[in-house]
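*Asks:* Can you read through this structure? Questions will come right after.
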Amino acid sequence: MNLMQPFPIAVRALLRNKTRSFLTMLGVIIGVGSVISMVAVGEGAKSSVSKAFEQMGTNLLIVTSGSTRSGGFMGGMGSMPTLTWDDLDAIRSEAPSVRYAAPLMSQKTSIVGEDGNWNTQVNGTTPEYFPIRSWRVAEGSMFSASDIETNAKVVVLGQTVVSHVFGTGVDPVGKPVRIRGTPYQVIGILEKKGQSFGGTDLDDAAFVPISVFRGKLQGGLQQFITGVIFVGAGSAEETFRAQNQISSILADRHHIADRADDDFAVRNLTEIASARQQGMNTLTGLLAAIAVVSLLVGGIGIMNIMLVSVTERTREIGIRMAVGARPVHIMAQFLVEAMTLSMTGGLLGIGLGFGVSKILADNLVWAFVVRSDIVAVAFLFSAAVGVVFGLYPARKAMNLDPIEALRYE
């Protein structure tokens with residue numbers, strides 16, 4: 001039997017009670033909309049986390065000074081520099097899984113140009129730092145190993161610093177700036193990096209050769225790296241191996257027998273990113289499960305209202321059977337009505353899900369990510385709800401005795 005034949009009759013029957021039909025669909029609308037919007041929120045959050053970690057760099061490890069013990073007192077993490085330049089050389093030469101290793105030391109100070117000045121983070125590093133962070137030059141060039149050897153007073157600026165020191169529409173490459181009274185030449189402008197996961201403006205920074213930083217900005221403790229070491233592993237698979245190799249090298253160099261008392265720390269951002277992603281996946285699954293429960297509740301509402309409809313239209317069913325309608329026709333009639341309610345609710349729920357997802361993405365400043373497969377699954381599930389929860393009322397209508405149905409008042 002063609003299910004399209006009872007469709008116009010089903011639509012007319014539902015339109016006779018527009019308010020009741022809409023309220024019946026409301027559970028399905030909310031359920032489908034919730035599934036789509038909750039999954040979209042989770043996907044947007046995961047996309048934002050992934051983007052933040054991509055900005056930090058790929059296959060990234062950060063080596064920092066650890067806690068120190070003096071006179072029976074334990075200092076906090078990084079309370080005193082413990083990493084040396086020889087440690088950096090050992091990481092570069094003795095850890096097979098390490099592709100790049102670069103120091104990063106920072107001082108907050110002012111950069112003064114011809115038309116303005118700006119207080120920013122001035123960093124001393126080596127050229128290897130930038131491929132570790134996946135950070136390229138937009139204009140000009142990067143300083144080189146020869147600039148470090150010759151103590152060249154050159155600087156590479158982030159775009160936030162450029163906008164404050166030079167303004168808009170000005171090419172700063174080749175222009176002079178002063179950092180703590182010392183003249184430097186701007187040789188490059190970095191690509192825009194945006195904000196970190198914690199909201200820090202990554203473009204509000206300047207970079208000078210590490211040799212110049214040590215001579216002009218570091219001050220005392222010249223034998224120590226008063227900052228951190230950024231390490232780029234050869235691949236994502238080698239990140240954990242590189243972490244273990246670095247820990248072993250530094251423990252041996254620092255003569256640490258008990259690893260619980262390490263005076264250094266090796267932070268694996270890949271591990272942190274994976275943990276965040278797993279947390280987001282768990283949260284997304286939980287929210288989607290709650291939304292599915294809402295969809296099932298909507299299905300129960302459809303079954304309830306269809307049972308009421310069967311009772312109200314008992315005499316109509318008897319008349320249709322009397323003029324030749326077979327039980328299968330009666331069953332199809334009510335099954336199509338239930339499917340019409342659930343599928344119409346599913347379509348309206350998709351629209352609701354898109355709207356809520358967009359509003360949440362705009363307010364949370366997350367990516368607007370709606371998965372087409374989730375939309376399809378939610379709609380098909382809403383159709384299945386109509387079939388499953390409409391089947392019992394339809395069978396009840398089919399099994400009515402025509403004589404008793406005609407006598408029903």
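Each chain in the structure tokens gets a letter, A, B and so on, in the order shown; residues start at 1 in every chain, and ligands are counted from 1 in the order they appear.
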Enumerate the residues of segment 97-176 of chain A with a DSSP assignment of alpha helix (DSSP H), computed from the backbone, and present them as a list of chain:residue names.
*Replies:*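 Output for segment 97-176 of chain A, alpha helix (DSSP H) only: A:Tyr129, A:Phe130, A:Pro131, A:Ile132, A:Ala145, A:Ser146, A:Asp147, A:Ile148, A:Glu149, A:Gln159, A:Thr160, A:Val161, A:Val162, A:Ser163, A:His164, A:Val165.
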*Asks:* Which distance in Å separates atom CA of Arg395 of chain A and atom CA of Val377 of chain A, to one decimal?
*Replies:*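 If I compute the distance from atom CA of Arg395 of chain A to atom CA of Val377 of chain A, I get 26.7 Å.
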*Asks:* With only C-alpha atoms as the counted atoms, please give the residues lying no more than 8 Å from Val369 of chain A, apart from itself and same-chain residues fewer than 6 positions off, as a short mmCIF file (atom, residue, chain, number, x, y, z; two decimals) with N, CA and C atoms, in the first residue's frame.
*Replies:*
data_model
loop_
_atom_site.label_atom_id
_atom_site.label_comp_id
_atom_site.auth_asym_id
_atom_site.auth_seq_id
_atom_site.Cartn_x
_atom_site.Cartn_y
_atom_site.Cartn_z
N ALA A 40 27.00 20.57 18.71
CA ALA A 40 27.67 21.71 18.08
C ALA A 40 28.51 22.47 19.09
N VAL A 41 27.99 22.65 20.31
CA VAL A 41 28.77 23.32 21.36
C VAL A 41 30.03 22.52 21.67
N GLU A 43 31.60 20.36 19.69
CA GLU A 43 32.51 20.42 18.55
C GLU A 43 33.19 21.78 18.46
N GLY A 44 32.42 22.85 18.75
CA GLY A 44 33.01 24.18 18.73
C GLY A 44 34.08 24.34 19.80
#
*Asks:* Extract, using only C-alpha atoms, all DNA, RNA and protein residues at most 10 Å from segment 203-205 of chain A, discarding same-chain residues fewer than 2 positions from it, and format them as a short mmCIF file (atom, residue, chain, number, x, y, z; two decimals) with C-alpha atoms, in the first residue's frame.
*Replies:*
data_model
loop_
_atom_site.label_atom_id
_atom_site.label_comp_id
_atom_site.auth_asym_id
_atom_site.auth_seq_id
_atom_site.Cartn_x
_atom_site.Cartn_y
_atom_site.Cartn_z
CA SER A 106 61.68 37.38 28.56
CA LYS A 108 58.76 43.31 30.15
CA TRP A 118 54.68 50.41 23.71
CA ASN A 119 55.38 48.33 26.81
CA THR A 120 55.63 44.71 25.74
CA GLN A 121 57.33 41.36 26.32
CA VAL A 122 60.80 41.37 24.76
CA ASN A 123 62.04 37.82 24.24
CA VAL A 156 61.36 40.96 14.99
CA LEU A 157 58.01 42.38 16.09
CA GLY A 158 54.55 40.97 16.64
CA GLN A 159 51.70 42.77 14.91
CA THR A 160 50.21 44.26 18.09
CA VAL A 161 53.55 45.96 18.84
CA VAL A 162 53.76 47.26 15.27
CA SER A 163 50.30 48.82 15.44
CA HIS A 164 51.12 50.69 18.68
CA LEU A 190 55.58 38.06 12.39
CA GLU A 191 52.31 36.63 11.09
CA LYS A 192 49.27 37.31 13.24
CA LYS A 193 48.98 34.57 15.87
CA GLY A 194 45.89 35.66 17.82
CA GLN A 195 45.12 34.78 21.42
CA SER A 196 46.29 31.85 23.46
CA THR A 200 46.93 36.22 26.18
CA ASP A 201 47.66 38.27 23.07
CA PHE A 207 62.05 38.89 19.66
#
*Asks:* Using only C-alpha atoms, which protein or nucleic acid residues come within 10 Å of Ser34 of chain A? Drop anything in the same chain fewer than 5 positions from it, and give the result as a list in words.
*Replies:*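 Counting only the stated atoms, we get Val28, Ile29, Val39, Ala40, Leu287, Ala288, Ala289, Ile290, Ala291, Val292, Ser294, Leu295, Gly349, Ile350, Leu352, Gly353, Phe354, Val356, Ser357 and Ala378 of chain A.
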*Asks:* Limited to C-alpha atoms, could you put the picked residues into a file as a PDB file, in the first residue's frame?
*Replies:*
ATOM      1  CA  VAL A  28      10.507  16.260  19.401  1.00  0.00           C
ATOM      2  CA  ILE A  29      11.454  19.834  18.456  1.00  0.00           C
ATOM      3  CA  VAL A  39      26.921  18.436  19.895  1.00  0.00           C
ATOM      4  CA  ALA A  40      27.670  21.711  18.076  1.00  0.00           C
ATOM      5  CA  LEU A 287      24.845  16.477  26.750  1.00  0.00           C
ATOM      6  CA  ALA A 288      23.790  14.480  23.679  1.00  0.00           C
ATOM      7  CA  ALA A 289      22.490  11.667  25.916  1.00  0.00           C
ATOM      8  CA  ILE A 290      20.381  14.145  27.879  1.00  0.00           C
ATOM      9  CA  ALA A 291      19.025  15.501  24.586  1.00  0.00           C
ATOM     10  CA  VAL A 292      18.150  11.971  23.395  1.00  0.00           C
ATOM     11  CA  SER A 294      14.242  14.585  25.774  1.00  0.00           C
ATOM     12  CA  LEU A 295      13.548  13.157  22.314  1.00  0.00           C
ATOM     13  CA  GLY A 349      14.088  21.030  15.702  1.00  0.00           C
ATOM     14  CA  ILE A 350      16.889  21.219  13.128  1.00  0.00           C
ATOM     15  CA  LEU A 352      16.047  25.427  16.383  1.00  0.00           C
ATOM     16  CA  GLY A 353      19.349  23.567  16.780  1.00  0.00           C
ATOM     17  CA  PHE A 354      21.074  25.716  14.162  1.00  0.00           C
ATOM     18  CA  VAL A 356      20.764  27.968  19.301  1.00  0.00           C
ATOM     19  CA  SER A 357      24.186  26.739  18.117  1.00  0.00           C
ATOM     20  CA  ALA A 378      18.785  13.408  14.684  1.00  0.00           C
TER      21      ALA A 378
END
*Asks:* Which residues are close to Phe166 of chain A, i.e. within 10 Å by only C-alpha atoms, leaving aside same-chain residues fewer than 5 positions away? Reply as a PyMOL selection string.
*Replies:* chain A and resi 112-118+161+171-172+175+177
*Asks:* Export C-alpha atoms of the chosen residues as an mmCIF file, in the first residue's frame?
*Replies:*
data_model
loop_
_atom_site.group_PDB
_atom_site.id
_atom_site.type_symbol
_atom_site.label_atom_id
_atom_site.label_comp_id
_atom_site.auth_asym_id
_atom_site.auth_seq_id
_atom_site.Cartn_x
_atom_site.Cartn_y
_atom_site.Cartn_z
ATOM 1 C CA VAL A 112 60.280 53.240 21.536
ATOM 2 C CA GLY A 113 59.850 54.157 17.863
ATOM 3 C CA GLU A 114 59.794 57.408 15.932
ATOM 4 C CA ASP A 115 56.039 57.899 16.360
ATOM 5 C CA GLY A 116 55.151 55.983 19.508
ATOM 6 C CA ASN A 117 56.148 53.548 22.210
ATOM 7 C CA TRP A 118 54.676 50.412 23.715
ATOM 8 C CA VAL A 161 53.548 45.957 18.843
ATOM 9 C CA ASP A 171 56.098 49.540 6.794
ATOM 10 C CA PRO A 172 58.350 49.218 9.868
ATOM 11 C CA LYS A 175 63.207 51.307 10.751
ATOM 12 C CA VAL A 177 63.541 51.333 17.571
#
*Asks:* I need the residue nearest Arg241 of chain A from this list: A:Ser382, A:Asn59, A:Thr126, A:Ser141. Use only C-alpha atoms for the distance.
*Replies:* A:Asn59
*Asks:* Just the strand (DSSP E) stuff from segment 28-251 of chain A, please, per backbone DSSP, written as an MDAnalysis selection string.
*Replies:* chainID A and resid 60:65 69:70 73:74 98:112 117:125 137:140 154:157 176:179 182:190 205:209 228:233
*Asks:* I need the residue nearest Val388 of chain A from this list: A:Ile246, A:Pro327, A:Gly299, A:Asn363. Use only C-alpha atoms for the distance.
*Replies:*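 Checking each candidate against Val388 of chain A, we get A:Gly299 as the closest.
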*Asks:* Pick out the closest residue to Leu250 of chain A from this set: A:Ser47, A:Thr282, A:Thr64, A:Thr19. Count only C-alpha atoms.
*Replies:*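 Distance minimum relative to Leu250 of chain A lands on A:Thr64.
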*Asks:* For Phe381 of chain A, please output as a PyMOL selection string all residues within 10 Å (counting only C-alpha atoms; exclusion window: fewer than 2 positions along the same chain).
*Replies:* chain A and resi 28+32+292+295-296+342-343+346+375-379+383-387
*Asks:* Save the residues we just selected, C-alpha atoms, as an mmCIF file, in the first residue's frame?
*Replies:*
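Once everything was written out, this is result14.cif:
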data_model
loop_
_atom_site.group_PDB
_atom_site.id
_atom_site.type_symbol
_atom_site.label_atom_id
_atom_site.label_comp_id
_atom_site.auth_asym_id
_atom_site.auth_seq_id
_atom_site.Cartn_x
_atom_site.Cartn_y
_atom_site.Cartn_z
ATOM 1 C CA VAL A 28 10.507 16.260 19.401
ATOM 2 C CA VAL A 32 16.267 17.316 18.037
ATOM 3 C CA VAL A 292 18.150 11.971 23.395
ATOM 4 C CA LEU A 295 13.548 13.157 22.314
ATOM 5 C CA LEU A 296 12.218 9.925 23.814
ATOM 6 C CA SER A 342 7.600 13.489 14.509
ATOM 7 C CA MET A 343 9.201 14.403 11.155
ATOM 8 C CA GLY A 346 12.376 17.007 13.543
ATOM 9 C CA VAL A 375 21.773 16.526 11.798
ATOM 10 C CA ALA A 376 20.926 13.499 9.634
ATOM 11 C CA VAL A 377 20.966 11.088 12.576
ATOM 12 C CA ALA A 378 18.785 13.408 14.684
ATOM 13 C CA PHE A 379 16.200 13.697 11.883
ATOM 14 C CA ALA A 383 11.238 9.710 12.215
ATOM 15 C CA ALA A 384 11.961 6.444 14.025
ATOM 16 C CA VAL A 385 10.343 7.873 17.160
ATOM 17 C CA GLY A 386 7.179 8.500 15.133
ATOM 18 C CA VAL A 387 7.148 4.919 13.852
#
*Asks:* For Thr314 of chain A, which residue among A:Pro8, A:Gly351, A:Gly140, A:Pro393 is the nearest when counting only C-alpha atoms?
*Replies:*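 Of all the options, A:Pro393 lies closest to Thr314 of chain A.
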*Asks:* Hey, which of A:Gly27, A:Gly215, A:Ala95, A:Ile36 ends up closest to Glu238 of chain A? Count only C-alpha atoms.
*Replies:*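 Of A:Gly27, A:Gly215, A:Ala95, A:Ile36, the one nearest Glu238 of chain A is A:Ala95, counting only C-alpha atoms.
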*Asks:* For the atom pair atom CA of Leu341 of chain A and atom CA of Arg371 of chain A, what is the interatomic distance in Å to one decimal place?
*Replies:*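 Here the two named atoms are 24.3 Å from each other.
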*Asks:* If I take atom CA of Leu61 of chain A and atom CA of Ile249 of chain A, how far is one from the other in Å, to one decimal?
*Replies:* 14.7 Å
